[in-house]
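Q: Enclosed is the structure file protein.tsv (TSV, C-alpha atoms).
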chain	number	residue	atom	x	y	z
A	1	MET	CA	37.29	138.99	181.70
A	2	SER	CA	34.58	138.85	184.33
A	3	VAL	CA	34.00	135.63	186.25
A	4	ILE	CA	31.09	135.42	188.69
A	5	SER	CA	29.56	132.73	190.88
A	6	VAL	CA	26.20	134.39	191.67
A	7	PRO	CA	24.02	136.21	189.10
A	8	GLN	CA	23.60	139.38	191.16
A	9	ALA	CA	27.37	139.97	191.01
A	10	PHE	CA	27.14	141.27	187.44
A	11	ASN	CA	25.65	144.62	186.48
A	12	GLU	CA	26.74	146.98	183.69
A	13	ASP	CA	26.56	150.38	185.36
A	14	ASP	CA	28.31	152.65	182.86
A	15	LEU	CA	26.44	152.36	179.56
A	16	TYR	CA	24.75	155.46	178.10
A	17	VAL	CA	22.95	156.16	174.83
A	18	ASP	CA	23.28	159.63	173.28
A	19	LEU	CA	19.73	160.39	172.13
A	20	ARG	CA	20.42	163.70	170.37
A	21	SER	CA	20.02	162.28	166.85
A	22	ILE	CA	16.76	160.54	167.82
A	23	ILE	CA	14.87	163.12	169.89
A	24	GLY	CA	16.51	166.35	168.74
A	25	HIS	CA	17.83	167.30	172.20
A	26	SER	CA	21.01	166.53	174.07
A	27	LEU	CA	20.10	163.70	176.46
A	28	PHE	CA	22.18	160.81	177.73
A	29	LEU	CA	20.14	157.73	178.62
A	30	LYS	CA	21.64	155.57	181.38
A	31	CYS	CA	20.85	151.94	180.52
A	32	GLU	CA	20.07	149.85	183.58
A	33	GLY	CA	18.85	146.67	181.90
A	34	PHE	CA	22.14	144.86	181.35
A	35	ASN	CA	22.21	142.40	184.23
A	36	PHE	CA	20.74	138.94	184.76
A	37	ALA	CA	17.54	140.40	186.22
A	38	GLY	CA	17.14	142.73	183.24
A	39	SER	CA	16.38	145.93	185.14
A	40	ILE	CA	17.45	148.54	187.66
A	41	LYS	CA	15.47	146.68	190.31
A	42	LEU	CA	18.40	144.30	190.80
A	43	LYS	CA	20.10	146.99	192.89
A	44	ALA	CA	17.23	147.46	195.33
A	45	ALA	CA	16.55	143.74	195.53
A	46	ALA	CA	20.17	142.93	196.37
A	47	GLU	CA	20.38	145.72	198.96
A	48	MET	CA	17.17	144.67	200.73
A	49	VAL	CA	17.95	140.94	200.75
A	50	GLU	CA	21.51	141.48	201.99
A	51	ALA	CA	20.22	143.68	204.82
A	52	ALA	CA	17.62	141.08	205.79
A	53	ASP	CA	20.30	138.38	205.76
A	54	ARG	CA	22.70	140.51	207.77
A	55	ASP	CA	20.05	141.40	210.38
A	56	GLY	CA	18.92	137.81	210.82
A	57	VAL	CA	15.44	138.51	209.45
A	58	LEU	CA	15.83	135.73	206.89
A	59	THR	CA	16.35	132.17	208.11
A	60	PRO	CA	16.63	128.87	206.17
A	61	GLY	CA	12.87	128.33	206.52
A	62	SER	CA	11.84	131.82	205.43
A	63	ILE	CA	9.64	132.51	202.43
A	64	LEU	CA	10.28	135.85	200.76
A	65	VAL	CA	7.13	137.68	199.68
A	66	GLU	CA	6.84	140.96	197.81
A	67	SER	CA	4.31	143.03	195.90
A	68	SER	CA	5.68	143.93	192.47
A	69	SER	CA	4.44	145.03	189.07
A	70	GLY	CA	7.15	142.83	187.56
A	71	ASN	CA	10.79	143.89	187.54
A	72	LEU	CA	11.48	143.68	191.27
A	73	GLY	CA	9.74	140.33	191.25
A	74	VAL	CA	12.17	139.06	188.62
A	75	ALA	CA	15.17	140.40	190.55
A	76	LEU	CA	13.99	138.78	193.78
A	77	SER	CA	13.21	135.53	191.95
A	78	MET	CA	16.79	135.43	190.70
A	79	ILE	CA	18.36	136.28	194.06
A	80	ALA	CA	16.09	133.86	195.94
A	81	ALA	CA	17.09	131.08	193.54
A	82	SER	CA	20.76	131.96	194.03
A	83	LYS	CA	20.48	131.94	197.83
A	84	GLY	CA	18.12	128.98	198.15
A	85	TYR	CA	15.05	130.86	199.43
A	86	ARG	CA	11.45	130.33	198.39
A	87	PHE	CA	9.82	133.44	196.90
A	88	LEU	CA	6.22	134.47	196.30
A	89	CYS	CA	5.54	137.49	194.08
A	90	VAL	CA	2.15	139.18	194.43
A	91	THR	CA	1.41	141.04	191.21
A	92	ASP	CA	-1.71	142.01	189.25
A	93	SER	CA	-3.28	141.47	185.85
A	94	ARG	CA	-1.23	144.26	184.24
A	95	CYS	CA	2.00	142.29	184.73
A	96	ASN	CA	3.47	141.28	181.37
A	97	LEU	CA	3.06	137.59	180.57
A	98	SER	CA	6.75	137.20	179.76
A	99	THR	CA	7.65	138.67	183.15
A	100	ARG	CA	5.40	136.22	184.97
A	101	LEU	CA	6.80	133.29	183.02
A	102	LEU	CA	10.34	134.43	183.77
A	103	MET	CA	9.65	134.55	187.51
A	104	GLU	CA	8.17	131.06	187.38
A	105	ALA	CA	11.14	129.78	185.37
A	106	LEU	CA	13.39	131.01	188.18
A	107	GLY	CA	11.39	128.97	190.69
A	108	ALA	CA	9.14	131.69	192.12
A	109	GLU	CA	5.45	131.35	192.85
A	110	VAL	CA	3.32	134.12	191.34
A	111	HIS	CA	-0.05	135.22	192.71
A	112	ILE	CA	-2.07	137.50	190.42
A	113	ILE	CA	-4.56	140.01	191.85
A	114	THR	CA	-7.40	140.42	189.35
A	115	GLU	CA	-9.64	142.94	191.13
A	116	PRO	CA	-8.47	146.39	192.26
A	117	ASP	CA	-9.24	147.78	195.69
A	118	ALA	CA	-11.96	150.45	195.61
A	119	ALA	CA	-9.70	153.06	197.20
A	120	GLY	CA	-6.14	151.85	196.58
A	121	GLY	CA	-6.44	150.29	193.13
A	122	PHE	CA	-4.41	147.22	192.19
A	123	LEU	CA	-1.52	148.26	194.45
A	124	GLY	CA	-3.81	148.57	197.45
A	125	ALA	CA	-5.25	145.13	196.75
A	126	ARG	CA	-1.76	143.63	196.40
A	127	LEU	CA	-0.64	145.14	199.69
A	128	ASP	CA	-3.74	143.87	201.49
A	129	TYR	CA	-3.03	140.36	200.23
A	130	VAL	CA	0.60	140.48	201.38
A	131	ARG	CA	-0.37	141.77	204.84
A	132	ALA	CA	-2.95	139.02	205.26
A	133	LEU	CA	-0.45	136.40	204.14
A	134	CYS	CA	2.20	137.55	206.62
A	135	ALA	CA	-0.35	137.64	209.43
A	136	SER	CA	-1.35	134.05	208.68
A	137	ASP	CA	2.15	132.50	208.67
A	138	ASP	CA	5.30	133.85	210.30
A	139	ARG	CA	7.51	132.08	207.75
A	140	TYR	CA	6.72	134.86	205.27
A	141	VAL	CA	9.22	137.73	205.23
A	142	TRP	CA	8.03	140.89	203.48
A	143	LEU	CA	10.92	143.14	202.44
A	144	ASN	CA	8.37	145.86	201.58
A	145	GLN	CA	9.99	147.86	198.82
A	146	TYR	CA	7.53	150.70	199.51
A	147	THR	CA	8.98	151.51	202.95
A	148	ASN	CA	12.36	149.75	203.02
A	149	PRO	CA	15.22	152.30	203.16
A	150	GLY	CA	17.38	149.81	201.27
A	151	ASN	CA	15.29	150.65	198.19
A	152	TRP	CA	16.60	154.21	197.99
A	153	MET	CA	19.94	153.52	199.65
A	154	ALA	CA	20.92	151.18	196.79
A	155	HIS	CA	20.75	154.09	194.35
A	156	TYR	CA	22.41	156.54	196.75
A	157	ARG	CA	25.35	154.13	196.89
A	158	THR	CA	25.50	153.02	193.26
A	159	THR	CA	23.31	154.68	190.60
A	160	ALA	CA	23.88	158.33	191.51
A	161	PRO	CA	27.65	158.05	192.09
A	162	ALA	CA	27.98	156.24	188.74
A	163	ILE	CA	26.25	159.16	187.00
A	164	ALA	CA	28.35	161.71	188.88
A	165	ARG	CA	31.58	159.97	187.81
A	166	GLN	CA	30.66	160.09	184.12
A	167	PHE	CA	28.98	163.53	184.16
A	168	PRO	CA	30.70	165.77	186.72
A	169	GLN	CA	29.04	168.80	185.03
A	170	LEU	CA	25.53	167.34	185.26
A	171	ASP	CA	22.78	169.97	185.17
A	172	VAL	CA	19.51	168.01	185.13
A	173	LEU	CA	18.56	164.42	185.94
A	174	PHE	CA	15.27	162.78	184.87
A	175	VAL	CA	14.09	159.87	187.03
A	176	GLY	CA	10.87	157.89	186.75
A	177	ALA	CA	8.73	157.63	189.88
A	178	GLY	CA	7.37	154.22	190.91
A	179	THR	CA	8.12	153.27	194.49
A	180	THR	CA	10.39	156.37	194.29
A	181	GLY	CA	13.40	154.37	195.49
A	182	THR	CA	15.56	155.34	192.50
A	183	LEU	CA	14.28	158.91	192.64
A	184	MET	CA	14.94	159.37	196.36
A	185	GLY	CA	18.36	157.73	196.30
A	186	CYS	CA	19.57	159.87	193.40
A	187	ALA	CA	17.94	163.05	194.70
A	188	ARG	CA	19.49	162.64	198.14
A	189	TYR	CA	22.92	162.06	196.61
A	190	PHE	CA	22.80	165.09	194.33
A	191	GLU	CA	21.44	167.25	197.13
A	192	GLU	CA	24.92	166.83	198.63
A	193	TRP	CA	26.76	167.27	195.30
A	194	PRO	CA	29.09	170.31	195.08
A	195	ARG	CA	27.29	171.79	192.05
A	196	PRO	CA	23.51	172.25	191.75
A	197	VAL	CA	21.70	169.44	189.92
A	198	ARG	CA	18.03	169.81	188.98
A	199	VAL	CA	16.18	166.56	189.75
A	200	VAL	CA	13.04	166.14	187.63
A	201	ALA	CA	10.64	163.33	188.53
A	202	VAL	CA	8.70	161.75	185.67
A	203	ASP	CA	5.31	160.25	186.52
A	204	SER	CA	2.42	158.75	184.57
A	205	LEU	CA	-0.89	160.55	184.19
A	206	GLY	CA	-3.34	158.71	186.44
A	207	SER	CA	-0.77	158.24	189.20
A	208	VAL	CA	-1.47	159.73	192.65
A	209	THR	CA	2.20	159.90	193.69
A	210	PHE	CA	2.46	163.68	193.45
A	211	GLY	CA	-1.16	164.47	194.22
A	212	GLY	CA	-2.68	163.98	190.78
A	213	PRO	CA	-6.13	162.44	190.29
A	214	PRO	CA	-6.23	158.65	189.93
A	215	GLY	CA	-6.77	157.26	186.46
A	216	ARG	CA	-6.29	154.20	184.31
A	217	ARG	CA	-2.68	153.09	183.86
A	218	MET	CA	-1.84	150.05	181.76
A	219	ILE	CA	1.97	150.17	181.57
A	220	PRO	CA	3.53	148.59	184.67
A	221	GLY	CA	6.51	150.12	186.44
A	222	LEU	CA	5.89	153.83	186.94
A	223	GLY	CA	3.12	155.56	188.83
A	224	ALA	CA	1.14	154.41	191.85
A	225	SER	CA	-2.43	154.23	193.10
A	226	VAL	CA	-1.16	154.73	196.68
A	227	ARG	CA	1.27	157.52	197.61
A	228	PRO	CA	4.72	155.95	198.14
A	229	PRO	CA	5.86	156.23	201.77
A	230	LEU	CA	9.48	156.68	200.64
A	231	LEU	CA	8.70	159.92	198.80
A	232	ASP	CA	10.05	163.17	200.22
A	233	GLU	CA	9.08	165.92	197.78
A	234	SER	CA	11.53	168.39	199.31
A	235	TYR	CA	14.29	166.65	197.33
A	236	VAL	CA	12.44	166.95	193.99
A	237	ASP	CA	12.73	170.14	191.94
A	238	GLU	CA	10.01	169.48	189.35
A	239	VAL	CA	7.51	166.87	188.20
A	240	VAL	CA	6.58	165.98	184.63
A	241	TRP	CA	3.44	163.92	183.98
A	242	VAL	CA	3.30	161.84	180.81
A	243	ASP	CA	0.27	160.40	179.06
A	244	GLU	CA	0.76	156.71	178.35
A	245	ALA	CA	0.09	157.26	174.65
A	246	ASP	CA	3.13	159.55	174.54
A	247	ALA	CA	5.18	156.92	176.35
A	248	ILE	CA	4.17	154.38	173.69
A	249	ARG	CA	5.20	156.78	170.93
A	250	ALA	CA	8.59	157.36	172.56
A	251	CYS	CA	9.19	153.60	172.82
A	252	HIS	CA	8.43	153.10	169.14
A	253	ARG	CA	10.55	156.07	168.10
A	254	LEU	CA	13.54	154.56	169.92
A	255	ALA	CA	12.79	151.11	168.49
A	256	ARG	CA	12.88	152.47	164.93
A	257	ARG	CA	16.49	153.42	165.61
A	258	GLY	CA	17.33	149.97	167.00
A	259	PHE	CA	16.93	150.66	170.72
A	260	LEU	CA	14.25	148.46	172.28
A	261	PHE	CA	13.39	149.84	175.72
A	262	GLY	CA	10.59	149.20	178.19
A	263	GLY	CA	7.47	151.23	178.86
A	264	SER	CA	8.97	152.99	181.87
A	265	THR	CA	11.87	154.17	179.73
A	266	GLY	CA	9.45	155.47	177.11
A	267	THR	CA	7.71	157.45	179.84
A	268	VAL	CA	10.96	158.93	181.14
A	269	VAL	CA	12.23	159.82	177.65
A	270	SER	CA	8.89	161.40	176.72
A	271	GLY	CA	8.92	163.49	179.90
A	272	ALA	CA	12.51	164.55	179.34
A	273	MET	CA	11.74	165.54	175.75
A	274	SER	CA	8.90	167.80	176.84
A	275	TRP	CA	10.98	169.42	179.59
A	276	LEU	CA	13.97	170.02	177.33
A	277	ALA	CA	11.75	171.45	174.58
A	278	ARG	CA	10.21	173.95	177.00
A	279	HIS	CA	13.51	175.01	178.51
A	280	GLY	CA	15.50	175.34	175.28
A	281	ALA	CA	18.15	173.33	177.06
A	282	GLY	CA	20.78	173.11	174.34
A	283	ALA	CA	23.69	173.93	176.63
A	284	LEU	CA	22.61	171.75	179.55
A	285	THR	CA	24.11	168.38	180.42
A	286	ALA	CA	21.06	166.14	180.87
A	287	VAL	CA	20.82	162.48	181.88
A	288	ALA	CA	17.76	160.22	182.09
A	289	ILE	CA	17.59	156.78	183.69
A	290	ALA	CA	16.24	153.86	181.62
A	291	PRO	CA	14.99	151.23	184.12
A	292	ASP	CA	14.78	148.27	181.73
A	293	LEU	CA	14.83	146.96	178.17
A	294	GLY	CA	11.91	146.21	175.88
A	295	ASP	CA	11.95	142.44	175.45
A	296	ARG	CA	9.35	141.93	178.20
A	297	TYR	CA	6.96	144.32	176.48
A	298	LEU	CA	6.71	142.58	173.12
A	299	ASP	CA	3.13	141.45	173.80
A	300	THR	CA	2.02	144.89	175.03
A	301	VAL	CA	3.90	148.10	174.16
A	302	TYR	CA	5.22	146.62	170.90
A	303	GLN	CA	2.12	144.60	169.96
A	304	ALA	CA	-0.06	146.58	167.53
A	305	ASN	CA	-3.37	144.97	168.51
A	306	TRP	CA	-2.77	145.63	172.22
A	307	VAL	CA	-1.74	149.24	171.61
A	308	GLU	CA	-4.74	149.97	169.37
A	309	ALA	CA	-7.19	148.28	171.75
A	310	ILE	CA	-5.98	150.37	174.69
A	311	TYR	CA	-5.04	153.71	173.12
A	312	GLY	CA	-6.87	153.80	169.78
A	313	GLN	CA	-5.98	153.18	166.15
A	314	ASP	CA	-4.29	156.55	165.65
A	315	VAL	CA	-1.84	156.41	168.55
A	316	LEU	CA	1.14	155.45	166.38
A	317	ARG	CA	0.10	157.19	163.16
A	318	ASN	CA	2.73	159.75	162.18
A	319	ASP	CA	4.01	159.54	165.75
A	320	VAL	CA	7.39	161.05	164.86
A	321	ASP	CA	5.67	164.36	164.19
A	322	VAL	CA	3.24	164.26	167.11
A	323	PRO	CA	4.29	166.73	169.81
A	324	VAL	CA	4.62	165.41	173.33
A	325	GLN	CA	1.66	166.49	175.43
A	326	ALA	CA	3.16	165.92	178.88
A	327	CYS	CA	1.97	168.15	181.72
A	328	HIS	CA	4.44	169.93	183.95
A	329	GLN	CA	4.41	171.21	187.49
A	330	THR	CA	6.99	172.54	189.92
A	331	ALA	CA	7.04	170.26	192.95
A	332	VAL	CA	6.33	171.87	196.30
What would you get if you wrote out this structure as structure tokens?
A:
Amino acid sequence: MSVISVPQAFNEDDLYVDLRSIIGHSLFLKCEGFNFAGSIKLKAAAEMVEAADRDGVLTPGSILVESSSGNLGVALSMIAASKGYRFLCVTDSRCNLSTRLLMEALGAEVHIITEPDAAGGFLGARLDYVRALCASDDRYVWLNQYTNPGNWMAHYRTTAPAIARQFPQLDVLFVGAGTTGTLMGCARYFEEWPRPVRVVAVDSLGSVTFGGPPGRRMIPGLGASVRPPLLDESYVDEVVWVDEADAIRACHRLARRGFLFGGSTGTVVSGAMSWLARHGAGALTAVAIAPDLGDRYLDTVYQANWVEAIYGQDVLRNDVDVPVQACHQTAV
């Protein structure tokens, strides 16, 4: 029996789904959505808030503020409610409605950016708003997930060691790239691991994180319109880019087998499928990280009208037989 007094004290860290029967390749999917925040972002949020508390950055009159596409905002909303802090999440129009409503239910204020910055896209516009807000009132405390070392340190301390305990013979790890906190924490850990582990970053087409051209991205969570300051490519062995249509197909393929995952997970699974297919990796031990579950994507990824309006009427037609078209590049 588990008994807790604060919501952030609970997180299921050792649940994996064997996807072999679904995708045709040996791949273990680490499920990070089973906590009260509903995503892997709980780890980074808890690490950053605890550090700010410990260092005296947060005081009783502080107002937490953060730019988030959704999941970190939910995690911070929950922790702020638990600790008695006010919290303002700056997001944009791509944020799922259910995610925004959840943050508000937890007592957070949500500010939605509706116009992208000409150079930095929605993320650039969100960051500009947060900077202006902090400059106008010193009560605002910006944890800044994009530069805060607690973002990657949380996964160095928890996510990667949990994987290593369950898969001591791990050969390849697939990690989605957003702020790159999860990616950098895991990559740094396995850089020190006694046996070689290939770390493959999975990014969305249209993201500039690894030097690709900017493009439209409608699924929140992975990818960026501004290069993440936390990223150190020397720790990354390869990069796989995934078209959002393929991410949608992967989500629906998993859902047809009873596993409802979020858009980021669909992207990671699609990228892993393409990599494993190219490498004939039958004998490899492969793990992918699923950042969240699919309940917050019911009005987007799993809503037929939304999918067809964004990606076309044929995107889900015969999708089981449609080969993944992800692009691949060895990171420098």
Q: Env of A:Trp306: 12 Å cut, atoms = all atoms listed in the file, seq-sep filter 4 positions within chain, self excluded. Answer as a ChimeraX atom specification.
A: /A:96,218-219,248,297-302,310-313,315
Q: With C-alpha atoms retained, write the just-selected residues as a PDB file, in the frame of the given file.
A:
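So part36.pdb came out as:
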ATOM      1  CA  ASN A  96       3.470 141.280 181.370  1.00  0.00           C
ATOM      2  CA  MET A 218      -1.840 150.050 181.760  1.00  0.00           C
ATOM      3  CA  ILE A 219       1.970 150.170 181.570  1.00  0.00           C
ATOM      4  CA  ILE A 248       4.170 154.380 173.690  1.00  0.00           C
ATOM      5  CA  TYR A 297       6.960 144.320 176.480  1.00  0.00           C
ATOM      6  CA  LEU A 298       6.710 142.580 173.120  1.00  0.00           C
ATOM      7  CA  ASP A 299       3.130 141.450 173.800  1.00  0.00           C
ATOM      8  CA  THR A 300       2.020 144.890 175.030  1.00  0.00           C
ATOM      9  CA  VAL A 301       3.900 148.100 174.160  1.00  0.00           C
ATOM     10  CA  TYR A 302       5.220 146.620 170.900  1.00  0.00           C
ATOM     11  CA  ILE A 310      -5.980 150.370 174.690  1.00  0.00           C
ATOM     12  CA  TYR A 311      -5.040 153.710 173.120  1.00  0.00           C
ATOM     13  CA  GLY A 312      -6.870 153.800 169.780  1.00  0.00           C
ATOM     14  CA  GLN A 313      -5.980 153.180 166.150  1.00  0.00           C
ATOM     15  CA  VAL A 315      -1.840 156.410 168.550  1.00  0.00           C
TER      16      VAL A 315
END
Q: Please produce, as JSON lines, a per-residue contact table for stretch 141-191 of chain A versus stretch 35-55 of chain A (criterion: any atom at most 7 Å away, all atoms listed in the file considered), showing the nearest atom pair and its distance in Å to one decimal, sorted by chain then residue number.
A:
{"residue": "A:Leu143", "atom": "CA", "partner": "A:Met48", "partner_atom": "CA", "distance": 6.7}
{"residue": "A:Gly150", "atom": "CA", "partner": "A:Met48", "partner_atom": "CA", "distance": 5.2}
{"residue": "A:Asn151", "atom": "CA", "partner": "A:Ala44", "partner_atom": "CA", "distance": 4.7}
{"residue": "A:Ala154", "atom": "CA", "partner": "A:Ala44", "partner_atom": "CA", "distance": 5.4}
Q: Give the padded box for stretch 198-216 of chain A as JSON: axis-aligned, covering all atoms listed in the file, 8 Å on each side, centre and edge lengths in Å to one decimal.
A:
{"center_x": 5.6, "center_y": 162.0, "center_z": 189.2, "size_x": 40.8, "size_y": 31.6, "size_z": 26.0}
Q: Mind checking which residues fall within 7 Å of stretch 2-19 of chain A, counting all atoms listed in the file, ignoring those fewer than 2 positions away in the same chain, and posting them as number ranges by chain?
A: A: 21-23, 26-32, 34-36, 79, 82, 162
Q: Between A:Val208, A:Val141, A:Met103, A:Val242, which residue has the minimum interatomic distance to A:Leu58, considering only C-alpha atoms?
A: A:Val141
Q: Quick one: residues within 9 Å of A:His111, all atoms listed in the file, excluding same-chain residues fewer than 6 positions away - as a list in words?
A: Leu88, Cys89, Val90, Thr91 and Asp92 of chain A
Q: Between atom CA of A:Leu231 and atom CA of A:Thr180, measure the distance and give it in Å to one decimal.
A: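 Atom CA of A:Leu231 sits 6.0 Å away from atom CA of A:Thr180.
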Q: In Å, rounded to a single decimal, give me how far atom CA of A:Ser136 is from atom CA of A:Thr59.
A: 17.8 Å
Q: Atom CA of A:Gly211 and atom CA of A:Val307 are how many Å apart?
A: 27.3 Å
Q: Would you mind telling me which residue in A:Leu123, A:Leu284, A:Ala201, A:Cys251 lies nearest to A:Gly271 when using all atoms listed in the file?
A: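 Selected residue with least distance to A:Gly271: A:Ala201.
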Q: Just checking: using only C-alpha atoms, which residue out of A:Lys83, A:Arg227, A:Arg216, A:Arg249 ends up closest to A:Thr179?
A: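 Residue with the minimum atom-to-atom distance to A:Thr179: A:Arg227.
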Q: Looking at all atoms listed in the file, which of A:Ala132, A:Gln166, A:Gly176, A:Arg94 is the one that sits closest to A:Pro116?
A: A:Arg94
Q: If we count all atoms listed in the file and set the cut-off at 7 Å, which residues sit around stretch 191-200 of chain A, ignoring sequence neighbours fewer than 3 positions away in its own chain? Please answer as a list of chain:residue names.
A: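 My reading of the contact set: A:Leu170, A:Asp171, A:Val172, A:Leu173, A:Phe174, A:Val175, A:Ala187, A:Arg188, A:Val236, A:Asp237, A:Glu238, A:Val239.
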Q: For A:Gly61, list every protein, DNA or RNA residue within 10 Å, evaluated using only C-alpha atoms, and leave out those in the same chain fewer than 3 positions away; present the list as a PyMOL selection string.
A: chain A and resi 58+64+84-86+139-140
Q: Find, counting only C-alpha atoms, the residue in A:Leu76, A:Met273, A:Leu183, A:Ala255 that gets nearest to A:Trp152.
A: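 Ranked by minimum distance to A:Trp152, first place goes to A:Leu183.
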Q: Quick one: residues within 8 Å of (15.1, 154.3, 202.0) (file frame), counting all atoms listed in the file, please, as a list in words.
A: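 I get Thr147, Asn148, Pro149, Gly150, Asn151, Trp152, Met153, Gly181, Met184, Gly185 and Leu230 of chain A for the residues within 8 Å of that point.
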